[in-house]
>>> print(open('data_4.cif').read())   # mmCIF, C-alpha atoms
data_entry
loop_
_atom_site.label_atom_id
_atom_site.label_comp_id
_atom_site.auth_asym_id
_atom_site.auth_seq_id
_atom_site.Cartn_x
_atom_site.Cartn_y
_atom_site.Cartn_z
CA MET G 1 118.29 12.21 91.51
CA ILE G 2 121.01 14.65 92.62
CA TRP G 3 121.48 12.72 95.89
CA PHE G 4 121.76 9.45 93.97
CA SER G 5 124.34 10.99 91.62
CA GLY G 6 126.53 12.13 94.50
CA MET G 7 126.20 8.94 96.55
CA LEU G 8 128.89 6.84 94.84
CA PRO G 9 131.68 9.47 94.87
CA VAL G 10 130.86 10.38 98.51
CA VAL G 11 131.05 6.72 99.59
CA ASP G 12 134.37 6.29 97.76
CA LEU G 13 135.73 9.46 99.38
CA VAL G 14 134.66 8.43 102.90
CA SER G 15 136.15 4.95 102.42
CA SER G 16 139.47 6.36 101.27
CA ILE G 17 139.62 8.89 104.13
CA SER G 18 138.72 6.23 106.73
CA LEU G 19 141.45 3.90 105.52
CA ALA G 20 143.98 6.77 105.45
CA VAL G 21 143.05 7.80 109.03
CA ALA G 22 143.42 4.21 110.22
CA VAL G 23 146.88 3.99 108.64
CA GLY G 24 147.93 7.35 110.13
CA VAL G 25 146.73 6.51 113.63
CA GLY G 26 148.36 3.09 113.53
CA VAL G 27 151.71 4.45 112.33
CA TRP G 28 151.96 7.49 114.61
CA TRP G 29 150.55 6.01 117.81
CA ARG G 30 151.53 2.39 117.34
CA GLY G 31 153.88 2.54 120.33
CA ASP G 32 151.38 4.21 122.66
CA LEU G 33 148.71 1.70 121.67
CA GLY G 34 151.07 -1.25 121.99
CA LEU G 35 150.48 -2.44 118.45
CA GLY G 36 152.93 -4.64 116.62
CA LEU G 37 153.34 -4.61 112.85
CA GLY G 38 151.24 -7.73 112.41
CA GLU G 39 148.47 -6.33 114.62
CA LEU G 40 148.48 -3.10 112.58
CA VAL G 41 148.12 -5.01 109.32
CA ALA G 42 145.31 -7.07 110.81
CA PHE G 43 143.56 -3.91 112.00
CA LEU G 44 143.79 -2.33 108.54
CA PHE G 45 142.41 -5.53 107.07
CA LEU G 46 139.41 -5.36 109.42
CA VAL G 47 138.81 -1.71 108.55
CA ASN G 48 138.82 -2.63 104.86
CA LEU G 49 136.32 -5.45 105.52
CA ILE G 50 134.00 -2.93 107.22
CA LEU G 51 134.30 -0.43 104.36
CA ASN G 52 133.65 -2.97 101.57
CA PRO G 53 129.89 -3.39 102.29
CA ILE G 54 129.52 0.39 102.44
CA ALA G 55 131.24 0.75 99.05
CA GLN G 56 129.01 -1.99 97.60
CA LEU G 57 125.97 -0.14 98.92
CA GLY G 58 127.06 2.91 96.96
CA GLU G 59 127.44 0.82 93.80
CA VAL G 60 124.00 -0.69 94.30
CA LEU G 61 122.48 2.78 94.65
CA ASP G 62 124.31 3.91 91.50
CA GLN G 63 123.02 0.92 89.53
CA THR G 64 119.54 1.56 90.91
CA GLN G 65 119.71 5.09 89.58
CA THR G 66 120.74 3.80 86.12
CA ALA G 67 117.92 1.24 86.15
CA LEU G 68 115.36 3.88 87.15
CA ALA G 69 116.54 6.21 84.39
CA GLY G 70 116.13 3.40 81.84
CA TRP G 71 112.70 2.54 83.19
CA TRP G 72 111.54 6.13 82.94
CA LYS G 73 112.72 6.22 79.31
CA VAL G 74 110.74 3.05 78.58
CA LEU G 75 107.64 4.58 80.16
CA ARG G 76 108.02 7.72 78.03
CA VAL G 77 108.26 5.57 74.89
CA LEU G 78 105.15 3.61 75.90
CA GLU G 79 103.27 6.87 76.41
CA VAL G 80 103.93 7.97 72.80
CA PRO G 81 100.63 7.54 70.91
CA VAL G 82 100.61 4.97 68.10
CA SER G 83 100.64 6.84 64.80
CA VAL G 84 99.64 3.84 62.65
CA VAL G 85 96.53 2.16 64.07
CA GLU G 86 95.54 -1.12 62.43
CA PRO G 87 91.84 -1.57 61.57
CA ASP G 88 89.78 -4.01 63.64
CA HIS G 89 88.21 -5.61 60.56
CA GLY G 90 90.52 -4.88 57.67
CA GLN G 91 89.79 -5.30 54.00
CA SER G 92 91.73 -7.39 51.52
CA LEU G 93 93.47 -6.11 48.39
CA PRO G 94 92.71 -7.24 44.83
CA ALA G 95 94.86 -9.98 43.38
CA GLY G 96 97.43 -9.16 40.72
CA PRO G 97 99.01 -5.79 39.88
CA LEU G 98 97.75 -2.94 42.05
CA SER G 99 96.94 0.64 41.14
CA ILE G 100 98.15 3.60 43.20
CA ASP G 101 96.14 6.75 43.89
CA LEU G 102 97.31 9.64 46.06
CA GLU G 103 94.55 12.19 46.65
CA SER G 104 95.62 15.58 48.08
CA VAL G 105 98.17 13.81 50.26
CA GLY G 106 100.10 15.83 52.82
CA PHE G 107 102.49 14.62 55.48
CA SER G 108 104.58 16.13 58.24
CA TYR G 109 106.52 14.60 61.10
CA ARG G 110 105.72 15.46 64.72
CA THR G 111 108.15 18.35 64.59
CA GLY G 112 109.12 20.27 61.51
CA PRO G 113 107.52 21.67 58.39
CA PRO G 114 105.38 19.62 55.96
CA VAL G 115 107.33 17.07 53.92
CA LEU G 116 104.57 16.41 51.38
CA ARG G 117 101.99 18.95 50.31
CA GLY G 118 98.92 18.39 48.15
CA VAL G 119 100.27 15.38 46.24
CA ASP G 120 97.87 14.02 43.59
CA LEU G 121 99.05 11.03 41.60
CA HIS G 122 97.55 8.09 39.71
CA ILE G 123 99.59 5.05 38.71
CA ALA G 124 97.92 2.36 36.64
CA PRO G 125 98.40 -1.32 37.49
CA GLU G 126 101.45 -3.11 36.05
CA THR G 127 103.38 0.13 35.54
CA VAL G 128 107.09 0.50 36.23
CA VAL G 129 107.54 3.86 37.95
CA ALA G 130 110.67 5.78 38.92
CA ILE G 131 110.40 8.50 41.57
CA VAL G 132 113.20 11.04 41.27
CA GLY G 133 114.09 14.30 42.97
CA GLU G 134 116.77 16.03 44.92
CA THR G 135 117.58 15.07 48.50
CA GLY G 136 114.77 16.14 50.81
CA SER G 137 112.19 16.44 48.03
CA GLY G 138 109.86 13.88 49.66
CA LYS G 139 110.35 10.80 47.48
CA THR G 140 111.37 8.47 50.33
CA THR G 141 108.49 9.74 52.48
CA CYS G 142 106.14 8.90 49.63
CA ALA G 143 107.45 5.31 49.65
CA ARG G 144 106.86 5.14 53.41
CA LEU G 145 103.24 6.12 52.89
CA LEU G 146 102.77 3.51 50.14
CA THR G 147 103.92 0.76 52.53
CA ARG G 148 102.00 2.32 55.44
CA LEU G 149 105.04 2.82 57.59
CA ALA G 150 103.25 6.11 58.23
CA ASP G 151 99.83 7.56 57.52
CA PRO G 152 99.28 10.85 55.68
CA THR G 153 98.33 13.78 57.83
CA GLU G 154 96.12 14.98 54.98
CA GLY G 155 94.42 13.21 52.09
CA VAL G 156 94.11 9.52 51.22
CA VAL G 157 96.44 6.84 49.86
CA ARG G 158 94.55 4.19 47.89
CA ILE G 159 96.13 0.93 46.75
CA GLY G 160 94.05 -1.15 44.38
CA GLY G 161 91.20 1.28 44.98
CA VAL G 162 91.17 0.62 48.75
CA ASP G 163 92.09 3.17 51.39
CA LEU G 164 95.37 1.82 52.77
CA ARG G 165 94.25 2.63 56.32
CA ARG G 166 91.41 0.11 55.94
CA VAL G 167 93.56 -2.76 54.66
CA ALA G 168 94.21 -5.70 57.00
CA PRO G 169 97.88 -6.04 58.06
CA GLU G 170 98.12 -9.58 56.65
CA ALA G 171 96.74 -8.48 53.28
CA ARG G 172 99.10 -5.50 53.18
CA ARG G 173 102.17 -7.60 53.94
CA GLN G 174 101.16 -10.14 51.31
CA SER G 175 100.41 -7.67 48.51
CA ILE G 176 102.90 -4.83 49.20
CA ARG G 177 106.61 -5.40 49.62
CA MET G 178 109.60 -3.07 49.83
CA VAL G 179 113.22 -3.94 49.03
CA PRO G 180 115.49 -1.49 50.90
CA GLN G 181 118.82 -0.24 49.63
CA ASP G 182 120.68 -2.69 51.86
CA GLY G 183 118.38 -5.65 52.45
CA PHE G 184 118.72 -7.45 55.78
CA LEU G 185 119.89 -11.07 55.59
CA PHE G 186 119.92 -13.62 58.40
CA ASP G 187 122.95 -15.72 59.30
CA THR G 188 121.79 -18.78 57.43
CA THR G 189 121.83 -20.12 53.87
CA ILE G 190 120.78 -18.20 50.78
CA ARG G 191 117.95 -20.69 50.30
CA SER G 192 116.55 -20.01 53.77
CA ASN G 193 116.85 -16.25 53.33
CA ILE G 194 114.88 -16.40 50.09
CA ARG G 195 112.19 -18.55 51.70
CA PHE G 196 111.55 -15.76 54.23
CA GLY G 197 109.68 -14.03 51.41
CA ARG G 198 106.61 -16.18 52.08
CA ASP G 199 105.71 -18.28 55.09
CA ASP G 200 104.72 -21.36 53.08
CA ALA G 201 107.49 -21.10 50.47
CA THR G 202 109.13 -24.39 49.47
CA ASP G 203 112.51 -25.24 47.96
CA SER G 204 110.86 -25.56 44.55
CA ASP G 205 109.50 -22.00 44.92
CA VAL G 206 113.05 -20.80 45.60
CA GLU G 207 114.41 -22.63 42.56
CA GLN G 208 111.61 -21.22 40.41
CA ALA G 209 112.30 -17.66 41.61
CA ILE G 210 116.00 -18.03 40.78
CA ASP G 211 115.18 -19.21 37.26
CA GLU G 212 112.53 -16.54 36.68
CA LEU G 213 115.00 -13.79 37.59
CA GLY G 214 117.78 -15.30 35.45
CA LEU G 215 120.08 -15.80 38.44
CA ARG G 216 120.98 -19.44 37.86
CA GLY G 217 124.46 -18.56 36.60
CA TRP G 218 125.16 -16.48 39.71
CA VAL G 219 123.96 -19.27 42.00
CA GLU G 220 126.12 -21.88 40.27
CA GLY G 221 129.15 -19.66 40.81
CA LEU G 222 128.70 -19.67 44.58
CA PRO G 223 130.80 -22.11 46.69
CA GLU G 224 127.78 -24.17 47.81
CA GLY G 225 125.06 -22.78 45.58
CA LEU G 226 121.85 -21.94 47.38
CA ASP G 227 123.21 -23.66 50.51
CA THR G 228 125.96 -21.05 50.88
CA VAL G 229 125.85 -19.48 54.35
CA VAL G 230 125.75 -15.69 54.06
CA GLY G 231 127.10 -14.83 57.52
CA GLU G 232 125.80 -12.28 60.00
CA ARG G 233 123.75 -9.62 58.17
CA GLY G 234 124.97 -11.15 54.89
CA GLY G 235 128.58 -10.15 55.57
CA ARG G 236 130.00 -12.93 53.37
CA LEU G 237 128.26 -11.52 50.31
CA SER G 238 128.91 -8.29 48.45
CA VAL G 239 126.35 -5.48 48.48
CA GLY G 240 125.14 -6.46 45.04
CA GLU G 241 124.81 -10.14 45.96
CA ARG G 242 122.77 -9.22 49.03
CA GLN G 243 120.47 -7.26 46.74
CA LEU G 244 120.10 -10.27 44.42
CA VAL G 245 118.98 -12.36 47.41
CA ALA G 246 116.51 -9.63 48.41
CA LEU G 247 115.07 -9.54 44.88
CA ALA G 248 114.68 -13.32 44.83
CA ARG G 249 112.91 -13.07 48.20
CA ALA G 250 110.53 -10.50 46.71
CA GLN G 251 109.90 -12.79 43.72
CA VAL G 252 108.92 -15.61 46.07
CA ALA G 253 106.54 -13.25 47.91
CA ASP G 254 104.89 -12.35 44.57
CA PRO G 255 103.38 -9.02 45.69
CA GLY G 256 101.05 -6.94 43.56
CA LEU G 257 103.03 -3.79 44.43
CA LEU G 258 106.80 -3.78 44.84
CA LEU G 259 108.80 -0.77 46.03
CA LEU G 260 112.56 -0.54 45.57
CA ASP G 261 114.90 1.89 47.25
CA GLU G 262 117.36 2.04 44.33
CA ALA G 263 118.77 -1.47 44.21
CA THR G 264 121.73 -0.49 42.00
CA SER G 265 123.06 2.59 43.80
CA ALA G 266 126.07 0.98 45.51
CA VAL G 267 127.20 -1.92 43.32
CA ASP G 268 129.90 -2.53 40.75
CA PRO G 269 129.02 -2.32 37.01
CA GLU G 270 129.05 -6.12 36.51
CA THR G 271 126.65 -6.77 39.39
CA GLU G 272 124.55 -3.79 38.31
CA GLU G 273 123.99 -5.47 34.96
CA ALA G 274 122.78 -8.65 36.70
CA LEU G 275 120.56 -6.57 38.97
CA ALA G 276 119.10 -4.62 36.05
CA SER G 277 118.24 -7.86 34.25
CA ALA G 278 116.66 -9.29 37.40
CA LEU G 279 114.66 -6.10 37.94
CA ASP G 280 113.31 -6.20 34.39
CA ARG G 281 112.10 -9.75 34.99
CA LEU G 282 110.82 -8.91 38.47
CA ALA G 283 108.63 -6.12 37.09
CA GLY G 284 106.56 -8.52 35.01
CA GLY G 285 103.01 -8.96 36.23
CA ARG G 286 103.12 -6.37 39.02
CA THR G 287 103.31 -2.64 39.72
CA MET G 288 106.83 -1.58 40.61
CA VAL G 289 107.93 1.75 42.10
CA SER G 290 111.64 2.61 42.39
CA ILE G 291 113.14 5.44 44.42
CA ALA G 292 115.74 6.39 41.81
CA HIS G 293 119.08 7.83 42.88
CA ARG G 294 120.54 7.09 39.44
CA LEU G 295 118.70 8.34 36.39
CA SER G 296 119.63 5.13 34.56
CA THR G 297 116.76 3.62 36.57
CA ALA G 298 114.41 6.32 35.30
CA GLU G 299 115.47 5.63 31.71
CA ARG G 300 114.12 2.08 31.98
CA ALA G 301 110.85 3.07 33.68
CA ASP G 302 107.46 3.40 31.98
CA LEU G 303 106.65 6.50 34.02
CA VAL G 304 108.82 9.06 35.80
CA VAL G 305 107.46 11.08 38.75
CA VAL G 306 109.53 14.10 39.77
CA PHE G 307 109.27 15.46 43.32
CA ASP G 308 110.44 18.89 44.41
CA ALA G 309 109.88 20.54 47.79
CA GLY G 310 107.24 17.97 48.74
CA LYS G 311 105.19 18.29 45.56
CA VAL G 312 104.85 16.37 42.30
CA VAL G 313 106.08 18.80 39.68
CA GLN G 314 106.48 16.57 36.62
CA VAL G 315 105.00 13.27 35.43
CA GLY G 316 105.77 11.55 32.15
CA SER G 317 108.08 9.19 30.34
CA HIS G 318 111.84 9.69 30.37
CA ASP G 319 111.91 10.92 26.76
CA GLU G 320 109.05 13.36 27.34
CA LEU G 321 110.60 14.92 30.43
CA VAL G 322 114.07 15.22 28.92
CA ALA G 323 112.62 17.06 25.92
CA GLN G 324 110.89 19.76 27.99
CA PRO G 325 112.49 22.37 30.29
CA GLY G 326 112.20 21.53 33.94
CA ILE G 327 113.77 19.91 36.95
CA TYR G 328 114.13 16.48 35.35
CA ALA G 329 115.94 17.83 32.31
CA THR G 330 118.31 19.70 34.61
CA LEU G 331 118.96 16.58 36.71
CA TYR G 332 119.53 14.53 33.56
CA GLU G 333 122.00 17.01 32.09
CA SER G 334 123.91 17.09 35.37
CA TRP G 335 123.94 13.29 35.54
CA ILE G 336 125.15 12.98 31.93
CA GLY G 337 127.90 15.52 32.61
CA ASN G 338 129.12 13.65 35.69
CA THR G 339 129.04 10.35 33.82
CA ARG G 340 131.11 11.68 30.94
CA SER G 341 133.66 13.24 33.28
CA ASP G 342 134.13 9.95 35.17
CA PRO G 343 137.36 8.42 33.88
CA SER G 344 136.17 4.93 34.78
CA VAL G 345 133.36 5.19 32.21
CA ALA G 346 134.50 4.20 28.74
#
>>> encode(input="data_4.cif", output="structure tokens")
Amino acid sequence: MIWFSGMLPVVDLVSSISLAVAVGVGVWWRGDLGLGLGELVAFLFLVNLILNPIAQLGEVLDQTQTALAGWWKVLRVLEVPVSVVEPDHGQSLPAGPLSIDLESVGFSYRTGPPVLRGVDLHIAPETVVAIVGETGSGKTTCARLLTRLADPTEGVVRIGGVDLRRVAPEARRQSIRMVPQDGFLFDTTIRSNIRFGRDDATDSDVEQAIDELGLRGWVEGLPEGLDTVVGERGGRLSVGERQLVALARAQVADPGLLLLDEATSAVDPETEEALASALDRLAGGRTMVSIAHRLSTAERADLVVVFDAGKVVQVGSHDELVAQPGIYATLYESWIGNTRSDPSVA
């Protein structure tokens, strides 16, 4: 590796010195050698032709070194053991709203301390849940476990009474969906992006999802309605509009468990109102879990789960948790104080 690294600069140095020596010899001893000016130029040209293949050889060796380094990185990635192994004969999940049970769940990444420790939690079907907590408390990791983007290092995650590790990938993708904070959109029409929610979705399914979420007014305000092209990664739409498309996509998928990474955390108040209305409609007939960065989301939830230092420390309704001393009451008081001090809030 060291020889490869030094090859290109050495070749360049030798080429430069050789050309300089040829020029020096030709200039100083031109008379003794009987060289005219044209012959000297021709000689230098020939020297340069000889040096070019040598310089190209150095470049080839340098590119070979880069290719080998990339290949070794690929091999190291392939050697990393798969952390989420799909079952050979997976089970299906019950139809309709799904229950959630976390039994003594613990989780830690390959390096670092435990992120979740001894989490026990039961969520009944068709419950709207808000998970709150300070940054690093473990709420996002909990969402990753519920979608099986990772497996717990301790304990069991059960969805609909079935160990999530035993669920078939197709059944999991059909019954469990997650809407991230900034949903990915393809460079095509809004209609096509919504149809990605289910493989066999039709145009009538898209229209029905729009009406069920109360988004018809928003669609009619678009330049070409559902046939509006969103651009690369949805760049022609605002953040809130991209979230509306993601929610409509989730409605078409019709999962029994829907997870949201705070859909209203980065939108303007007007779009937030449309999102809140769509979320209320989206929650009907399914279990919905929101990672809440704003406590306004927790206010609308049936159940609030408070994480702190990787543990569930409080569970209850918004009114119950505000009325009792604890982390949630402290977070709520801080949120109320920041809201009142914001001059943009009337």
>>> closest_residue(input="data_4.cif", among="G:Val229, G:Ala248, G:Ala278, G:Ile131", to="Asp308 of chain G", atoms="only C-alpha atoms")
G:Ile131
>>> atom_distance(input="data_4.cif", atom1="atom CA of Gln243 of chain G", atom2="atom CA of Arg195 of chain G")
14.9 Å
>>> residues_around(input="data_4.cif", residues="Val82 of chain G", least_positions_apart="3", cutoff="12 Å", atoms="all atoms listed in the file", output="mmCIF file with C-alpha atoms, in the coordinates of the input")
data_model
loop_
_atom_site.group_PDB
_atom_site.id
_atom_site.type_symbol
_atom_site.label_atom_id
_atom_site.label_comp_id
_atom_site.auth_asym_id
_atom_site.auth_seq_id
_atom_site.Cartn_x
_atom_site.Cartn_y
_atom_site.Cartn_z
ATOM 1 C CA VAL G 77 108.260 5.570 74.890
ATOM 2 C CA LEU G 78 105.150 3.610 75.900
ATOM 3 C CA GLU G 79 103.270 6.870 76.410
ATOM 4 C CA VAL G 85 96.530 2.160 64.070
ATOM 5 C CA GLU G 86 95.540 -1.120 62.430
ATOM 6 C CA LEU G 149 105.040 2.820 57.590
ATOM 7 C CA ALA G 150 103.250 6.110 58.230
ATOM 8 C CA ASP G 151 99.830 7.560 57.520
#
>>> resolve_selection(input="data_4.cif", expression="the PyMOL selection byres ((chain G and resi 219) around 12)", output="list in words")
Ile190, Arg191, Val206, Glu207, Ala209, Ile210, Asp211, Leu213, Gly214, Leu215, Arg216, Gly217, Trp218, Glu220, Gly221, Leu222, Pro223, Glu224, Gly225, Leu226, Asp227, Thr228, Glu241, Leu244, Val245, Ala248 and Ala274 of chain G
>>> atom_distance(input="data_4.cif", atom1="atom CA of Gly136 of chain G", atom2="atom CA of Val312 of chain G")
13.1 Å
>>> closest_residue(input="data_4.cif", among="G:Glu320, G:Glu103, G:Asp12, G:Asp182", to="Val305 of chain G", atoms="only C-alpha atoms")
G:Glu320
>>> atom_distance(input="data_4.cif", atom1="atom CA of Met178 of chain G", atom2="atom CA of Leu259 of chain G")
4.5 Å
>>> closest_residue(input="data_4.cif", among="G:Leu116, G:Leu185, G:Val128, G:Ala301", to="Gly284 of chain G", atoms="all atoms listed in the file")
G:Val128
>>> closest_residue(input="data_4.cif", among="G:Ala283, G:Val60, G:Val84, G:Ala55", to="Pro169 of chain G", atoms="only C-alpha atoms")
G:Val84
